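Chemist: I am sharing entry-v3.csv, which consists of CSV, C-alpha atoms:
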chain,number,residue,atom,x,y,z
A,1,MET,CA,112.7,12.4,-105.2
A,2,ILE,CA,112.8,14.2,-108.5
A,3,ASP,CA,115.0,13.4,-111.5
A,4,HIS,CA,116.1,16.1,-113.9
A,5,LEU,CA,116.2,15.0,-117.6
A,6,ASP,CA,117.4,17.6,-120.1
A,7,GLY,CA,115.9,20.4,-118.0
A,8,ALA,CA,112.6,18.7,-117.5
A,9,VAL,CA,111.5,17.7,-114.0
A,10,ILE,CA,110.1,14.2,-113.8
A,11,PRO,CA,108.5,12.9,-110.5
A,12,THR,CA,109.8,9.4,-109.8
A,13,GLY,CA,107.2,8.4,-107.3
A,14,PHE,CA,109.8,7.9,-104.6
A,15,ASP,CA,108.8,11.2,-102.9
A,16,VAL,CA,105.7,9.8,-101.3
A,17,PRO,CA,105.7,9.1,-97.6
A,18,VAL,CA,106.6,5.6,-96.5
A,19,GLU,CA,104.6,3.8,-93.8
A,20,PRO,CA,106.6,2.7,-90.8
A,21,LEU,CA,107.2,-1.0,-90.4
A,22,ARG,CA,104.5,-2.5,-88.2
A,23,ARG,CA,104.4,-6.0,-86.7
A,24,ALA,CA,102.3,-7.5,-83.9
A,25,ALA,CA,102.3,-10.8,-82.0
A,26,HIS,CA,99.7,-12.3,-79.7
A,27,TYR,CA,100.8,-14.2,-76.6
A,28,THR,CA,98.8,-16.4,-74.2
A,29,GLY,CA,101.1,-16.3,-71.2
A,30,GLU,CA,102.3,-19.8,-71.6
A,31,GLN,CA,105.8,-20.7,-70.6
A,32,GLY,CA,108.4,-19.3,-73.1
A,33,CYS,CA,106.3,-16.3,-74.2
A,34,ILE,CA,108.8,-13.8,-73.0
A,35,ALA,CA,111.6,-15.5,-74.9
A,36,GLU,CA,109.4,-15.7,-77.9
A,37,ALA,CA,108.7,-11.9,-77.7
A,38,ARG,CA,112.4,-11.2,-77.6
A,39,SER,CA,113.0,-13.3,-80.6
A,40,PHE,CA,110.1,-11.6,-82.4
A,41,ALA,CA,111.8,-8.2,-81.6
A,42,ALA,CA,115.1,-9.4,-82.9
A,43,LEU,CA,113.5,-10.5,-86.2
A,44,PHE,CA,111.7,-7.1,-86.4
A,45,LEU,CA,115.0,-5.2,-85.9
A,46,ASP,CA,116.6,-7.3,-88.7
A,47,GLN,CA,113.7,-6.5,-91.0
A,48,LEU,CA,114.0,-2.8,-90.1
A,49,ARG,CA,117.7,-2.9,-91.0
A,50,THR,CA,116.8,-4.5,-94.3
A,51,GLU,CA,113.7,-2.6,-95.4
A,52,TRP,CA,114.4,0.8,-93.8
A,53,CYS,CA,118.2,0.6,-94.0
A,54,ALA,CA,118.1,1.5,-90.3
A,55,SER,CA,121.4,1.9,-88.5
A,56,ILE,CA,120.8,0.1,-85.3
A,57,ASP,CA,123.8,-0.1,-83.0
A,58,ASP,CA,124.3,-2.7,-80.3
A,59,ARG,CA,123.1,-0.4,-77.6
A,60,ALA,CA,119.8,0.4,-79.4
A,61,ASP,CA,119.4,-3.3,-80.2
A,62,GLY,CA,119.9,-4.3,-76.6
A,63,ALA,CA,117.6,-1.5,-75.4
A,64,VAL,CA,114.7,-2.6,-77.6
A,65,GLN,CA,115.2,-6.2,-76.5
A,66,LEU,CA,115.2,-5.2,-72.8
A,67,VAL,CA,112.2,-2.9,-73.1
A,68,VAL,CA,110.2,-5.7,-74.9
A,69,SER,CA,111.3,-8.1,-72.2
A,70,GLU,CA,110.3,-5.8,-69.3
A,71,LEU,CA,106.9,-4.8,-70.8
A,72,VAL,CA,105.9,-8.3,-71.8
A,73,THR,CA,107.0,-9.6,-68.4
A,74,ASN,CA,104.8,-7.0,-66.7
A,75,ALA,CA,101.8,-8.0,-68.9
A,76,ASP,CA,102.5,-11.7,-68.2
A,77,ARG,CA,102.6,-11.1,-64.4
A,78,HIS,CA,99.8,-8.6,-63.9
A,79,SER,CA,97.1,-9.4,-66.4
A,80,ASN,CA,94.6,-12.3,-66.4
A,81,GLY,CA,94.6,-13.0,-70.1
A,82,PRO,CA,96.4,-12.8,-73.3
A,83,TYR,CA,98.5,-9.8,-74.4
A,84,ILE,CA,99.7,-8.2,-77.6
A,85,LEU,CA,103.1,-6.9,-78.5
A,86,GLU,CA,103.2,-4.3,-81.2
A,87,LEU,CA,106.4,-3.0,-82.8
A,88,VAL,CA,106.5,0.1,-85.1
A,89,GLY,CA,109.8,1.3,-86.5
A,90,THR,CA,111.5,3.7,-88.9
A,91,ASP,CA,115.1,4.4,-89.5
A,92,THR,CA,115.2,6.7,-86.4
A,93,ALA,CA,113.0,5.0,-83.7
A,94,VAL,CA,111.2,1.9,-82.6
A,95,THR,CA,107.9,2.1,-80.6
A,96,VAL,CA,107.2,-0.8,-78.4
A,97,SER,CA,103.5,-1.2,-77.3
A,98,VAL,CA,102.1,-3.9,-75.1
A,99,TYR,CA,98.3,-4.3,-74.7
A,100,ASP,CA,96.9,-6.5,-71.9
A,101,SER,CA,93.6,-7.2,-70.3
A,102,SER,CA,94.2,-5.5,-67.0
A,103,SER,CA,92.8,-2.0,-66.5
A,104,ALA,CA,95.0,-1.4,-63.5
A,105,LEU,CA,97.7,1.0,-64.4
A,106,PRO,CA,101.3,0.1,-63.4
A,107,ARG,CA,102.9,1.9,-60.5
A,108,ILE,CA,106.2,3.6,-60.8
A,109,PHE,CA,108.3,3.3,-57.7
A,110,PRO,CA,111.0,5.8,-56.7
A,111,ARG,CA,114.5,4.7,-57.3
A,112,ASN,CA,115.8,2.4,-54.6
A,113,PRO,CA,118.8,0.1,-55.3
A,114,GLU,CA,118.0,-1.9,-52.2
A,115,ARG,CA,114.5,-2.8,-53.4
A,116,VAL,CA,114.3,-6.4,-54.8
A,117,GLY,CA,112.2,-6.4,-58.0
A,118,ARG,CA,109.8,-3.8,-59.4
A,119,HIS,CA,112.5,-2.0,-61.4
A,120,GLY,CA,110.9,-2.8,-64.8
A,121,LEU,CA,109.3,0.5,-65.5
A,122,GLU,CA,112.3,2.3,-64.0
A,123,ILE,CA,114.4,0.6,-66.6
A,124,VAL,CA,112.0,1.3,-69.4
A,125,HIS,CA,112.0,5.1,-68.5
A,126,ALA,CA,115.8,5.1,-68.5
A,127,LEU,CA,116.0,3.7,-72.0
A,128,ALA,CA,113.1,5.3,-73.8
A,129,GLU,CA,112.6,8.9,-75.1
A,130,GLN,CA,108.9,8.6,-74.2
A,131,VAL,CA,106.8,6.3,-72.1
A,132,SER,CA,103.0,6.4,-71.8
A,133,VAL,CA,100.3,4.3,-70.2
A,134,GLU,CA,96.7,4.5,-71.1
A,135,ARG,CA,93.5,2.6,-70.6
A,136,VAL,CA,92.0,1.1,-73.7
A,137,PRO,CA,88.7,-0.7,-74.2
A,138,VAL,CA,90.2,-4.1,-73.5
A,139,GLY,CA,92.5,-3.1,-70.6
A,140,LYS,CA,95.6,-0.9,-71.0
A,141,ARG,CA,98.5,-0.1,-73.4
A,142,VAL,CA,102.0,0.6,-72.2
A,143,ARG,CA,104.0,2.3,-74.9
A,144,ALA,CA,107.8,3.2,-75.1
A,145,VAL,CA,109.5,5.1,-77.9
A,146,LEU,CA,113.2,4.2,-78.3
A,147,PRO,CA,115.7,6.1,-80.4
A,148,LEU,CA,118.0,4.2,-82.7
A,149,ALA,CA,121.7,4.6,-83.6
A,150,GLY,CA,123.2,6.1,-80.5
A,151,ALA,CA,120.6,8.6,-79.3
A,152,THR,CA,120.0,8.5,-75.6
A,153,GLY,CA,116.8,8.0,-73.6
A,154,GLY,CA,115.3,10.1,-70.8
Reformat the file's structure so that it appears as structure tokens.

Modeler:
Amino acid sequence: MIDHLDGAVIPTGFDVPVEPLRRAAHYTGEQGCIAEARSFAALFLDQLRTEWCASIDDRADGAVQLVVSELVTNADRHSNGPYILELVGTDTAVTVSVYDSSSALPRIFPRNPERVGRHGLEIVHALAEQVSVERVPVGKRVRAVLPLAGATGG
């Protein structure tokens, strides 16, 4: 941003890029971790509203909470060790990443309303703009980018 004072242009320092809000939490897989992860996400969204003045409607709030729940549940069920939830946000999007110790990549099943269970990644894909899975040195990372304020997922 630039202020104009009697014809002079004075840089204000507010025109520098701002780093996204980043928070991470480590979970051991003990009972209650999934609820803790949802609470962590709720606090993150409140902080994003305050620090970034992000406009997060109820739909986006619920979508972030659901994606966190699904990805953390998958890490809890399918890895043999601790996992990390990382949230990165701006005023337009939140990226949810979960790192776990299993190198096995998750399988995405075709849509089938009669199937019991295994709908987690299907839900994540429906809510997110982007979903990626990659192996990392300690296992894998599942990452979902969710739009805020009324945008729709893919």

Chemist: Closest to Glu129 of chain A among A:Val67, A:Ala75, A:Val98, A:Ala42, using all atoms listed in the file?

Modeler: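 The shortest atom-to-atom distance to Glu129 of chain A comes from A:Val67.
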
Chemist: Using all atoms listed in the file, determine which residues lie at most 7 Å from Leu85 of chain A, disregarding the query and same-chain residues fewer than 5 positions distant; provide the list as a ChimeraX atom specification.

Modeler: /A:24-26,97-99

Chemist: Provide the atom CA of Asp100 of chain A to atom CA of Pro147 of chain A distance in Å, to one decimal place.

Modeler: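 Interatomic distance, atom CA of Asp100 of chain A to atom CA of Pro147 of chain A: 24.2 Å.
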
Chemist: Distance atom CA of Pro20 of chain A-atom CA of Gly89 of chain A, one decimal place?

Modeler: 5.5 Å

Chemist: Skipping near chain neighbours, those fewer than 2 positions away, what residues fall within 12 Å of Arg49 of chain A using only C-alpha atoms, listed as a list of chain:residue names?

Modeler: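 Near neighbours after the sequence-gap exclusion: A:Leu21, A:Ala42, A:Leu43, A:Phe44, A:Leu45, A:Asp46, A:Gln47, A:Glu51, A:Trp52, A:Cys53, A:Ala54, A:Ser55, A:Ile56, A:Asp57, A:Asp61, A:Gly89, A:Thr90, A:Asp91, A:Thr92, A:Ala93, A:Val94, A:Leu148, A:Ala149.
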
Chemist: Could you take the residues named above and write them with C-alpha atoms, as a compact mmCIF listing (two decimals), keeping the file's coordinate frame?

Modeler:
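Dumped everything to out_34.txt:
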# COMPACT_ATOMS: atom_id res chain seq x y z
CA LEU A 21 107.20 -1.00 -90.40
CA ALA A 42 115.10 -9.40 -82.90
CA LEU A 43 113.50 -10.50 -86.20
CA PHE A 44 111.70 -7.10 -86.40
CA LEU A 45 115.00 -5.20 -85.90
CA ASP A 46 116.60 -7.30 -88.70
CA GLN A 47 113.70 -6.50 -91.00
CA GLU A 51 113.70 -2.60 -95.40
CA TRP A 52 114.40 0.80 -93.80
CA CYS A 53 118.20 0.60 -94.00
CA ALA A 54 118.10 1.50 -90.30
CA SER A 55 121.40 1.90 -88.50
CA ILE A 56 120.80 0.10 -85.30
CA ASP A 57 123.80 -0.10 -83.00
CA ASP A 61 119.40 -3.30 -80.20
CA GLY A 89 109.80 1.30 -86.50
CA THR A 90 111.50 3.70 -88.90
CA ASP A 91 115.10 4.40 -89.50
CA THR A 92 115.20 6.70 -86.40
CA ALA A 93 113.00 5.00 -83.70
CA VAL A 94 111.20 1.90 -82.60
CA LEU A 148 118.00 4.20 -82.70
CA ALA A 149 121.70 4.60 -83.60

Chemist: Determine, counting all atoms listed in the file, every residue of protein, DNA or RNA that lies within 10 Å of (111.6, -10.2, -75.6) in the file coordinates, then give the result as a list of chain:residue names.

Modeler: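 Checked against the point, the hits come out as A:Gly32, A:Cys33, A:Ile34, A:Ala35, A:Glu36, A:Ala37, A:Arg38, A:Ser39, A:Phe40, A:Ala41, A:Ala42, A:Val64, A:Gln65, A:Leu66, A:Val67, A:Val68, A:Ser69, A:Glu70, A:Leu71, A:Val72, A:Thr73, A:Leu85.
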
Chemist: Write the residues you've just listed into a file as a PDB file, in the frame of the given file, and include C-alpha atoms for each of them.

Modeler:
ATOM      1  CA  GLY A  32     108.400 -19.300 -73.100  1.00  0.00           C
ATOM      2  CA  CYS A  33     106.300 -16.300 -74.200  1.00  0.00           C
ATOM      3  CA  ILE A  34     108.800 -13.800 -73.000  1.00  0.00           C
ATOM      4  CA  ALA A  35     111.600 -15.500 -74.900  1.00  0.00           C
ATOM      5  CA  GLU A  36     109.400 -15.700 -77.900  1.00  0.00           C
ATOM      6  CA  ALA A  37     108.700 -11.900 -77.700  1.00  0.00           C
ATOM      7  CA  ARG A  38     112.400 -11.200 -77.600  1.00  0.00           C
ATOM      8  CA  SER A  39     113.000 -13.300 -80.600  1.00  0.00           C
ATOM      9  CA  PHE A  40     110.100 -11.600 -82.400  1.00  0.00           C
ATOM     10  CA  ALA A  41     111.800  -8.200 -81.600  1.00  0.00           C
ATOM     11  CA  ALA A  42     115.100  -9.400 -82.900  1.00  0.00           C
ATOM     12  CA  VAL A  64     114.700  -2.600 -77.600  1.00  0.00           C
ATOM     13  CA  GLN A  65     115.200  -6.200 -76.500  1.00  0.00           C
ATOM     14  CA  LEU A  66     115.200  -5.200 -72.800  1.00  0.00           C
ATOM     15  CA  VAL A  67     112.200  -2.900 -73.100  1.00  0.00           C
ATOM     16  CA  VAL A  68     110.200  -5.700 -74.900  1.00  0.00           C
ATOM     17  CA  SER A  69     111.300  -8.100 -72.200  1.00  0.00           C
ATOM     18  CA  GLU A  70     110.300  -5.800 -69.300  1.00  0.00           C
ATOM     19  CA  LEU A  71     106.900  -4.800 -70.800  1.00  0.00           C
ATOM     20  CA  VAL A  72     105.900  -8.300 -71.800  1.00  0.00           C
ATOM     21  CA  THR A  73     107.000  -9.600 -68.400  1.00  0.00           C
ATOM     22  CA  LEU A  85     103.100  -6.900 -78.500  1.00  0.00           C
TER      23      LEU A  85
END

Chemist: From the list A:Asp76, A:Glu122, A:Glu30, A:Asp58, which residue is nearest Ser102 of chain A when using all atoms listed in the file?

Modeler: A:Asp76

Chemist: Can you rebuild segment 72-92 of chain A with N, CA, C and O atoms and give it as a PDB file, in the frame of the given file?

Modeler:
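Everything below was put into rebuild.pdb:
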ATOM      1  N   VAL A  72     106.629  -7.054 -71.646  1.00  0.00           N
ATOM      2  CA  VAL A  72     105.900  -8.300 -71.800  1.00  0.00           C
ATOM      3  C   VAL A  72     105.899  -9.080 -70.461  1.00  0.00           C
ATOM      4  O   VAL A  72     104.887  -9.683 -70.094  1.00  0.00           O
ATOM      5  N   THR A  73     106.989  -9.021 -69.697  1.00  0.00           N
ATOM      6  CA  THR A  73     107.000  -9.600 -68.400  1.00  0.00           C
ATOM      7  C   THR A  73     105.949  -9.029 -67.471  1.00  0.00           C
ATOM      8  O   THR A  73     105.224  -9.740 -66.766  1.00  0.00           O
ATOM      9  N   ASN A  74     105.831  -7.702 -67.497  1.00  0.00           N
ATOM     10  CA  ASN A  74     104.800  -7.000 -66.700  1.00  0.00           C
ATOM     11  C   ASN A  74     103.407  -7.472 -67.102  1.00  0.00           C
ATOM     12  O   ASN A  74     102.557  -7.756 -66.249  1.00  0.00           O
ATOM     13  N   ALA A  75     103.146  -7.539 -68.404  1.00  0.00           N
ATOM     14  CA  ALA A  75     101.800  -8.000 -68.900  1.00  0.00           C
ATOM     15  C   ALA A  75     101.569  -9.420 -68.467  1.00  0.00           C
ATOM     16  O   ALA A  75     100.461  -9.771 -68.045  1.00  0.00           O
ATOM     17  N   ASP A  76     102.594 -10.246 -68.552  1.00  0.00           N
ATOM     18  CA  ASP A  76     102.500 -11.700 -68.200  1.00  0.00           C
ATOM     19  C   ASP A  76     102.133 -11.819 -66.704  1.00  0.00           C
ATOM     20  O   ASP A  76     101.295 -12.625 -66.333  1.00  0.00           O
ATOM     21  N   ARG A  77     102.758 -11.023 -65.869  1.00  0.00           N
ATOM     22  CA  ARG A  77     102.600 -11.100 -64.400  1.00  0.00           C
ATOM     23  C   ARG A  77     101.310 -10.486 -63.895  1.00  0.00           C
ATOM     24  O   ARG A  77     100.750 -10.923 -62.896  1.00  0.00           O
ATOM     25  N   HIS A  78     100.865  -9.423 -64.545  1.00  0.00           N
ATOM     26  CA  HIS A  78      99.800  -8.600 -63.900  1.00  0.00           C
ATOM     27  C   HIS A  78      98.476  -8.612 -64.683  1.00  0.00           C
ATOM     28  O   HIS A  78      97.564  -7.904 -64.257  1.00  0.00           O
ATOM     29  N   SER A  79      98.356  -9.383 -65.742  1.00  0.00           N
ATOM     30  CA  SER A  79      97.100  -9.400 -66.400  1.00  0.00           C
ATOM     31  C   SER A  79      96.527 -10.876 -66.349  1.00  0.00           C
ATOM     32  O   SER A  79      97.286 -11.820 -66.189  1.00  0.00           O
ATOM     33  N   ASN A  80      95.240 -10.998 -66.483  1.00  0.00           N
ATOM     34  CA  ASN A  80      94.600 -12.300 -66.400  1.00  0.00           C
ATOM     35  C   ASN A  80      94.206 -12.819 -67.788  1.00  0.00           C
ATOM     36  O   ASN A  80      93.177 -13.443 -67.944  1.00  0.00           O
ATOM     37  N   GLY A  81      94.995 -12.536 -68.758  1.00  0.00           N
ATOM     38  CA  GLY A  81      94.600 -13.000 -70.100  1.00  0.00           C
ATOM     39  C   GLY A  81      95.723 -12.756 -71.074  1.00  0.00           C
ATOM     40  O   GLY A  81      96.844 -12.433 -70.700  1.00  0.00           O
ATOM     41  N   PRO A  82      95.399 -12.912 -72.302  1.00  0.00           N
ATOM     42  CA  PRO A  82      96.400 -12.800 -73.300  1.00  0.00           C
ATOM     43  C   PRO A  82      96.882 -11.303 -73.449  1.00  0.00           C
ATOM     44  O   PRO A  82      96.247 -10.397 -72.921  1.00  0.00           O
ATOM     45  N   TYR A  83      97.991 -11.110 -74.120  1.00  0.00           N
ATOM     46  CA  TYR A  83      98.500  -9.800 -74.400  1.00  0.00           C
ATOM     47  C   TYR A  83      99.083  -9.703 -75.755  1.00  0.00           C
ATOM     48  O   TYR A  83      99.384 -10.727 -76.379  1.00  0.00           O
ATOM     49  N   ILE A  84      99.211  -8.486 -76.248  1.00  0.00           N
ATOM     50  CA  ILE A  84      99.700  -8.200 -77.600  1.00  0.00           C
ATOM     51  C   ILE A  84     100.912  -7.354 -77.540  1.00  0.00           C
ATOM     52  O   ILE A  84     100.913  -6.333 -76.845  1.00  0.00           O
ATOM     53  N   LEU A  85     101.935  -7.734 -78.274  1.00  0.00           N
ATOM     54  CA  LEU A  85     103.100  -6.900 -78.500  1.00  0.00           C
ATOM     55  C   LEU A  85     103.069  -6.331 -79.856  1.00  0.00           C
ATOM     56  O   LEU A  85     102.918  -7.057 -80.838  1.00  0.00           O
ATOM     57  N   GLU A  86     103.154  -5.002 -79.948  1.00  0.00           N
ATOM     58  CA  GLU A  86     103.200  -4.300 -81.200  1.00  0.00           C
ATOM     59  C   GLU A  86     104.468  -3.531 -81.355  1.00  0.00           C
ATOM     60  O   GLU A  86     104.839  -2.801 -80.428  1.00  0.00           O
ATOM     61  N   LEU A  87     105.141  -3.690 -82.486  1.00  0.00           N
ATOM     62  CA  LEU A  87     106.400  -3.000 -82.800  1.00  0.00           C
ATOM     63  C   LEU A  87     106.164  -2.119 -84.016  1.00  0.00           C
ATOM     64  O   LEU A  87     105.640  -2.608 -85.019  1.00  0.00           O
ATOM     65  N   VAL A  88     106.561  -0.860 -83.937  1.00  0.00           N
ATOM     66  CA  VAL A  88     106.500   0.100 -85.100  1.00  0.00           C
ATOM     67  C   VAL A  88     107.829   0.732 -85.192  1.00  0.00           C
ATOM     68  O   VAL A  88     108.359   1.250 -84.207  1.00  0.00           O
ATOM     69  N   GLY A  89     108.411   0.717 -86.392  1.00  0.00           N
ATOM     70  CA  GLY A  89     109.800   1.300 -86.500  1.00  0.00           C
ATOM     71  C   GLY A  89     109.994   2.016 -87.815  1.00  0.00           C
ATOM     72  O   GLY A  89     109.344   1.784 -88.832  1.00  0.00           O
ATOM     73  N   THR A  90     110.944   2.929 -87.737  1.00  0.00           N
ATOM     74  CA  THR A  90     111.500   3.700 -88.900  1.00  0.00           C
ATOM     75  C   THR A  90     112.997   3.600 -88.778  1.00  0.00           C
ATOM     76  O   THR A  90     113.526   2.873 -87.944  1.00  0.00           O
ATOM     77  N   ASP A  91     113.674   4.411 -89.543  1.00  0.00           N
ATOM     78  CA  ASP A  91     115.100   4.400 -89.500  1.00  0.00           C
ATOM     79  C   ASP A  91     115.646   5.214 -88.260  1.00  0.00           C
ATOM     80  O   ASP A  91     116.839   5.201 -87.972  1.00  0.00           O
ATOM     81  N   THR A  92     114.756   5.867 -87.507  1.00  0.00           N
ATOM     82  CA  THR A  92     115.200   6.700 -86.400  1.00  0.00           C
ATOM     83  C   THR A  92     114.693   6.207 -85.017  1.00  0.00           C
ATOM     84  O   THR A  92     115.258   6.576 -83.994  1.00  0.00           O
TER      85      THR A  92
END
